[in-house]
Structures are given as structure tokens and as C-alpha cells.
Amino acid sequence: MNAATNGIEAATPPPVPTRLHARNKYLGLVDSALQQAIAYRVMALTSIVANMLWVVILFYLWRAAFAEQGTIEGFTWPQMQTYILLAYGINAMVGFSSASKMMQAIRQGTIVIDMIRPLNYLGTQLASTIGLAIVEGAISFALTLGVGALFLDLQPPASPGHALLFVFSVGLGFLTKFLFIFSVSLLVFWTTSSVGLNWAQTALVNVLAGVLIPIQFLPGWLATVAAWLPLRGIVSTPVGVYLGQQEGMRLWLVLGLQLAWVVALWCFADWAWKRAFRAVEIQGG
Amino acid sequence: MAASTTPLMPNGSPTGSGEPIIAARDLTKVFRRAVKSPGMKGALRHLVRPQWADFTAVDGIDLTIHAGESVAYVGPNGAGKSTTVKLLTGILVPTSGEVRVCGIEPFTHRIANARNIGVVFGQRTQLWWDIPVQESLRLLGDIYELPANDYAATFSHLADVLDLGPLLGIPARQLSLGQRMRCDLAASLLHAPPILYLDEPTIGLDVAVKARFREFIRTMHRERGLTVMLTSHDLGDIEELCDRMVMIDRGKIVYDGALAEVTTRFGWERSLHLSFTEDAPDAEAIAGRVLANRTGIGLMQPDPTRLDVAFDSREATSGELIRDLATHLPLADIRIEEPSAESIIRRLYEGQLHFDDAANAEPAWIGAVR
């Protein structure tokens with residue numbers, strides 16, 4: 001159509017087909033989400049560093065608490081430092097930016113673009129969340145390790161076996177947080193506003209996943225509830241595994257619960273998506 | 001436009017015969033909308049006892065489009081155009097009625113249906129905002145699971161015809177609207193769909209880009225048998241791209257036929273534009289008296305030196321009216337106007353004209369003009 005008049009553009013060689021071999025479509029989506037995350041790396045870095053402030057605050061709060069006694073609720077001071085840092089690092093892996101994007105797509109009706117393509121929406125969102133997490137996760141992992149090694153008394157995993165289970169558990173935690181965020185984002189179909197939902201889900205994750213304080217420290221009844229709810233799988237379960245807080249049957253029970261919740265949440269998210277999509281009108285135009 | 005021998009439309013057939021490619025029967029979509037009284041009180045009452053009202057966006061539409069047709073789907077804002085397109089793409093589930101696109105029910109087989117359609121939104125891009133166009137197109141190749149050879153052939157054809165070469169390395173956010181539209185066209189046709197939906201495609205484009213855009217679509221339609229369904233408010237788009245016009249108003253199809261036929265069907269509507277040699281402020285009253293025994297006359301005086309007379313050519317001829325009026329008014333000049341497609345469509349949009357009225361003796365503009 002319009003011939004380029006710009007000299008620099010005109011100098012570009014003619015197009016060559018660049019897709020020499022086919023990728024799986026969801027891997028392709030992961031790749032493009034990764035590229036987009038890199039395009040916004042400064043923003044991602046800024047929010048991760050800003051969140052690091054929480055680690056500092058929690059560090060001083062707990063240091064004051066541990067000045068009085070050697071162990072609290074089974075935590076030693078080095079264990080607590082490890083907990084604070086890991087909790088923060090794991091939670092930062094799935095930021096709320098994928099939720100914000102999805103909510104915005106629903107609010108503004110751009111979700112239509114995803115729907116005219118041969119894509120499963122849950123899979124599409126998972127792929128882009130993974131792409132983002134590779135970038136944001138890498139930044140936050142590097143930062144966590146650096147800070148831990150330099151300033152804190154970071155404990156190693158309880159054993160090589162625990163380390164392996166920890167990695168597995170972090171993976172499940174990732175899925176748990178993704179599915180939770182996905183399900184909450186669907187509510188935008190009804191609320192058509194995302195501010196309240198974002199606040200609510202941040203608060204729920206902070207308290208019930210054990211980001212701010214380990215769930216064992218919650219008031220008795222809430223601690224019991226939180227121990228059975230899915231959100232503990234995001235932070236409390238993997239960090240607990242790392243620290244070796246559960247042994248034998250209890251360890252497998254905790255991991256089994258985490259896995260069961262992922263399966264249940266996946267089914268729920270898939271059902272809720274179909275339901276929401278059928279029930280509600282797409283915004284705009 | 002460069003010619004190419006690459007077969008882009010494997011399923012398309014340039015002839016409009018055979019099975020319909022799009023078929024809707026009694027298609028209806030009803031939305032439920034919240035009814036809220038204004039203010040905080042209303043919001044609270046809605047919380048306690050929500051009230052809902054049904055809103056019928058698409059009301060019993062029958063539509064048949066054959067492969068290789070190009071159809072303009074027009075109507076005023078809020079008439080139900082977008083809702084219809086969403087029903088055809090499987091994004092919305094119909095409340096009742098039947099719909100088939102390429103023999104598939106779109107909402108039960110959304111993903112299969114997606115492979116048969118391409119969609120261009122004038123107001124939204126389907127490219128990924130932050131990654132280079134080339135990467136967006138490659139990703140679309142993956143999403144539609146195109147074999148590498150097909151992808152390469154279609155890609156080079158589209159890149160050639162749309163002159164994408166200089167744009168491939170640029171992220172979508174840095175493209176001008178015209179450049180973006182070219183890339184969006186490539187994105188929507190990469191998987192060689194037999195059907196292309198165009199939703200307000202030329203909105204905001206400059207005259208030259210618009211002309212090239214239309215030429216491209218025309219070529220794809222004529223040479224490749226692409227079935228085109230266009231929603232637009234731009235009459236140029238409609239006239240240049242489409243042979244058939246389907247007009248929808250308040251959820252119902254009010255006209256379905258050749259674009260050219262709109263004018264012949266309403267050929268009985270004529271206007272006389274009279275201008276006077278001197279001020280004649282009471283010309284409207286005089287003319288009203290003179291033509292009192294005629295039916296189907298509409299009068300409007302925009303200023304003292306002019307008078308517009310709308311009449312029905314089945315009831316009177318221009319000659320009769322001029323003869324009657326010339327003896328009572330100081331006529332200087334006379335211009336006779338036949339309605340254009342544009343004026344008919346505009347009047348329909350404004351709710352002044354109803355296509356049902358075509359069958360009635362009483363002309364529809366009477367109330368509006370007087």
C-alpha cells in the first residue's frame with residue numbers, strides 16, 4: 001500500500017518469512033509475553049524494589065520481637081529471616097500486573113480480540129502470566145538471593161530432598177496464585193470496576209497466604225481456616241517445605257492439599273470463565 | 001497492488017452459489033440490564049432489590065450470505081450491528097434462533113469458527129502492542145497452527161501487497177493509524193479465512209490510505225473470492241466495496257437488497273428547491289394554499305428568498321407544481337432534486353424514514369419536512 005518515504009525505512013531489506021518452524025501456540029504466547037515484560041522491565045524492577053521495602057520493615061519488626069525470646073511459634077530468628085525473604089520473593093513472582101491486564105481487557109472490551117482467535121482463554125492467560133513471571137521472577141529471585149546473602153542470615157533448605165519438594169511446591173504455588181487471580185478478575189464482568197477487586201485480592205493473599213506473617217501467627221480460628229484454604233499454597237506451603245517445618249505424613253498431607261486445591265481451582269476457573277462469558281455482555285461496541 | 005498467484009482462499013469461491021456461508025434464522029439476543037434510580041438512594045435500592053429490564057439488541061434476524069458476497073451491514077449506532085457480528089463470531093450466545101457460519105454453530109464451536117473468520121476492528125488493534133509487527137504475525141502463525149510453507153507463502157504475499165517490509169521491525173504502538181491498519185489487515189488474513197468481518201475499518205484514515213484500503217479489499221474479494229461483511233458509517237466504503245446492503249434498525253432488518261436499489265425503490269421522493277427574485281416571507285403559506293388540494297406535499301422555507309417543496313412523484317409532476325406555483329410566487333430559479341442513497345440512509349438513521357413505508361401511499365417525510 002503506502003510506499004515508505006522515510007529514507008531509513010526504505011533502506012530496510014525486503015521482508016523474508018521469519019517463521020521457519022512452528023511453535024506450540026501457547027509457547028508462542030509465553031515468548032511474546034516475555035518480550036513484552038522485557039519492554040517494561042524498568043517498571044517491573046521498580047515495583048519489585050519498592051516491594052523490597054516490606055522486607056526491611058518486617059525485618060525490623062521481627063527483630064524487635066525476637067529480642068525478647070529465642071523462638072516464637074517454632075520459628076527461630078534465622079528461620080524467620082529466611083521466611084520473610086522467601087515469602088516476599090515467591091509472592092513477587094506472580095505480580096498483579098497480569099490481573100490488571102486481564103481486568104482491563106474485560107473492562108474495555110479488548111477481550112474480544114482474544115476471543116476471535118482459536119485460543120482457550122485460561123491457557124492464554126496462563127501463558128502470558130508465565131512469560132511475565134520468567135522476567136519478574138528472575139529479577140525478584142536475583143534480588144532475593146543477593147539481599148539474603150549480603151544482609152540476612154539466610155538458611156539453606158532443610159535437606160536436598162526438601163529443596164526438590166520446595167521447587168515443586170513453588171510451581172504449585174505459582175498455579176494457585178494464577179488461578180486465584182484469574183477467578184477474581186472474572187468478577188470484573190459483573191462489577192465493571194477493578195480497583196476494589198485489586199485491593200481485596202492483595203489483602204487476601206497478604207493475610208491468608210502468609211505473605212505478611214506466617215499463617216501460624218494468625219488468631220486461632222483464622223489460623224485453622226487459613227491452614228485448609230487454597231491461598232496457603234502460594235507462600236506458606238513452599239516456604240514451610242523449605243524450612244522443613246513439616247515431616248513425614250504431615251509433609252505429604254500439606255503437599256497433597258496444595259495439589260488438590262490446584263486441581264479444584266483449575267476446574268473452578270474453567271467453569272467460572274465459561275459461565276461469566278455466557279452470562280455477561282462484552283463491554284463496549 | 002501487486003498481483004500474486006498464491007492461493008490465499010482455499011475455501012472461498014468467487015461465485016455466490018451453493019450453500020450459504022453465513023446463515024441466521026430468527027436470531028435474537030436479549031440483554032438484561034440493571035435498572036437503577038439516580039443517586040445513592042437508587043444505588044442502595046438496587047443492592048437490596050435489584051431490578052432488571054430486558055433489552056433486545058438483535059430481534060429475530062434472518063440473514064443469508066453466500067460465499068463470495070460482499071455485504072454492507074449498516075444502521076445507526078446502537079442498532080445491533082456489533083451484537084450481530086459478535087453472534088456470528090461466537091463471542092455471544094444467542095437468546096434464541098439459529099446461526100451457522102461455514103456450517104458451524106459459532107458459539108458452541110468458537111475455536112473451530114475462529115479459523116474460518118478474520119476480523120478487522122478499525123478502533124482496536126489485534127497486534128501485540130509492545131512487540132515488533134513481525135513477531136506479532138509470527139505468533140499469529142503459531143496460534144492458527146499454520147504449516148510453515150503456508151505461512152511463508154501467505155506472509156510474503158500480504159507483506160508484498162500491503163507493503164509491510166519497512167514496518168516489520170516496529171512495535172505496533174509506534175505505527176501510525178494507516179500503517180497499523182495495513183498490519184492489522186495482514187494479521188486478520190494470515191490464516192486465509194474464507195470470511196472477513198470489517199468493523200468500522202476506515203475510521204480516522206486519511207483519504208489516500210482509505211482508497212488503498214478499499215482497493216486491497218476489493219482485490220481480495222474479486223480475485224480471491226473472500227466473503228466480506230462490512231459495518232461502516234462511511235458511505236464510500238459501502239458504495240465501493242459492497243454490492244448488497246443490509247440495514248438494521250432497533251434490532252430488526254429493515255432493508256436487504258442491492259445498494260443501487262435503495263434509490264430506485266424510493267425514486268418517488270423528489271424535492272423542488274425554489275429561489276425567488278425578491279423576498280417572499282409568506283411563500284410557505286401561499287404555496288400551502290395553492291397546493292392545498294394535493295396530497296403528499298412537504299414544505300419548508302429556510303429563508304425568505306427560498307422555498308423547498310418535497311413531493312411524491314406518483315402524486316404530482318414537477319411541471320404541474322411549477323405551473324401552479326409560478327403564477328403566485330416570484331420564481332427566479334428552480335432545482336429539482338432526486339434522493340441519493342446517502343440522503344435515504346441518513347433519514348433512516350435519523351428515524352425520519354421507515355422502509356415499511358415504501359409500501360404505503362402516504363410518504364414518510366411529510367411530518368419531518370413540514
# chains A, B, ... in the order shown; residues from 1 in each chain; ligands from 1
>>> closest_atom_pairs(of="chain B", to="chain A", cutoff="6 Å", atoms="only C-alpha atoms", output="Markdown table")
| residue | atom | partner | partner_atom | distance |
| --- | --- | --- | --- | --- |
| B:Ile111 | CA | A:Pro118 | CA | 4.3 |
| B:Ala114 | CA | A:Arg117 | CA | 5.2 |
| B:Asp130 | CA | A:Gln36 | CA | 5.6 |
| B:Arg138 | CA | A:Arg19 | CA | 5.9 |
| B:Leu139 | CA | A:Gly28 | CA | 5.8 |
| B:Asp142 | CA | A:Lys25 | CA | 4.8 |
| B:Ile143 | CA | A:Lys25 | CA | 4.6 |
| B:Ala148 | CA | A:His21 | CA | 5.9 |
| B:Ala152 | CA | A:Pro17 | CA | 5.2 |
| B:Leu162 | CA | A:Met1 | CA | 4.7 |
| B:Asp163 | CA | A:Met1 | CA | 5.3 |
| B:Gly165 | CA | A:Pro15 | CA | 5.0 |
| B:Pro166 | CA | A:Glu9 | CA | 5.1 |
>>> residues_around(residues="A:Phe151", least_positions_apart="5", cutoff="12 Å", atoms="only C-alpha atoms", output="ChimeraX atom specification")
/A:55-56,59,78,81-82,85,143-146
>>> residues_around(residues="B:Glu19", least_positions_apart="3", cutoff="9 Å", atoms="only C-alpha atoms", output="list in words")
Gly16, Ile22, His66, Ala67, Cys102 and Gly103 of chain B
>>> write_last_selection(atoms="all heavy atoms", output="mmCIF file, in the first residue's frame")
data_model
loop_
_atom_site.group_PDB
_atom_site.id
_atom_site.type_symbol
_atom_site.label_atom_id
_atom_site.label_comp_id
_atom_site.auth_asym_id
_atom_site.auth_seq_id
_atom_site.Cartn_x
_atom_site.Cartn_y
_atom_site.Cartn_z
ATOM 1 N N GLY B 16 -21.380 -16.779 -6.124
ATOM 2 C CA GLY B 16 -22.240 -16.708 -4.953
ATOM 3 C C GLY B 16 -23.267 -17.826 -4.922
ATOM 4 O O GLY B 16 -24.370 -17.635 -4.454
ATOM 5 N N ILE B 22 -22.928 -17.861 5.538
ATOM 6 C CA ILE B 22 -23.457 -17.353 6.801
ATOM 7 C C ILE B 22 -24.977 -17.478 6.742
ATOM 8 O O ILE B 22 -25.591 -17.050 5.770
ATOM 9 C CB ILE B 22 -23.085 -15.872 7.027
ATOM 10 C CG1 ILE B 22 -21.570 -15.715 7.158
ATOM 11 C CG2 ILE B 22 -23.780 -15.310 8.258
ATOM 12 C CD1 ILE B 22 -21.108 -14.280 7.210
ATOM 13 N N HIS B 66 -24.028 -15.698 0.879
ATOM 14 C CA HIS B 66 -23.359 -16.765 0.141
ATOM 15 C C HIS B 66 -21.874 -16.473 0.012
ATOM 16 O O HIS B 66 -21.452 -15.314 0.088
ATOM 17 C CB HIS B 66 -23.997 -16.930 -1.234
ATOM 18 C CG HIS B 66 -25.371 -17.517 -1.157
ATOM 19 N ND1 HIS B 66 -25.599 -18.868 -1.088
ATOM 20 C CD2 HIS B 66 -26.591 -16.923 -1.093
ATOM 21 C CE1 HIS B 66 -26.897 -19.088 -1.003
ATOM 22 N NE2 HIS B 66 -27.533 -17.929 -1.000
ATOM 23 N N ALA B 67 -21.102 -17.531 -0.204
ATOM 24 C CA ALA B 67 -19.654 -17.384 -0.352
ATOM 25 C C ALA B 67 -19.360 -16.426 -1.500
ATOM 26 O O ALA B 67 -19.980 -16.510 -2.559
ATOM 27 C CB ALA B 67 -19.021 -18.743 -0.617
ATOM 28 N N CYS B 102 -20.133 -21.063 7.944
ATOM 29 C CA CYS B 102 -19.446 -22.181 7.295
ATOM 30 C C CYS B 102 -19.983 -23.514 7.820
ATOM 31 O O CYS B 102 -19.228 -24.468 8.035
ATOM 32 C CB CYS B 102 -17.933 -22.123 7.512
ATOM 33 S SG CYS B 102 -17.158 -20.704 6.785
ATOM 34 N N GLY B 103 -21.269 -23.562 8.072
ATOM 35 C CA GLY B 103 -21.887 -24.785 8.552
ATOM 36 C C GLY B 103 -21.680 -25.084 10.018
ATOM 37 O O GLY B 103 -22.117 -26.113 10.517
#
>>> residues_around(residues="stretch 175-192 of chain A", least_positions_apart="6", cutoff="9 Å", atoms="only C-alpha atoms", output="number ranges by chain")
A: 91, 94, 96, 98-100, 102-104, 106-107, 122, 125-126, 129, 198, 201, 205, 230-231, 233-234, 258-259, 261-262, 265-266, 268-270, 272-273, 276-277, 279-283
>>> select_by_dssp(residues="stretch 177-355 of chain B", states="helix (DSSP H, G or I)", output="ChimeraX atom specification")
/B:177-189,207-224,235-241,259-265,283-290,318-326,341-349,355
>>> atom_distance(atom1="atom CA of A:Thr224", atom2="atom CA of A:Met52")
28.9 Å
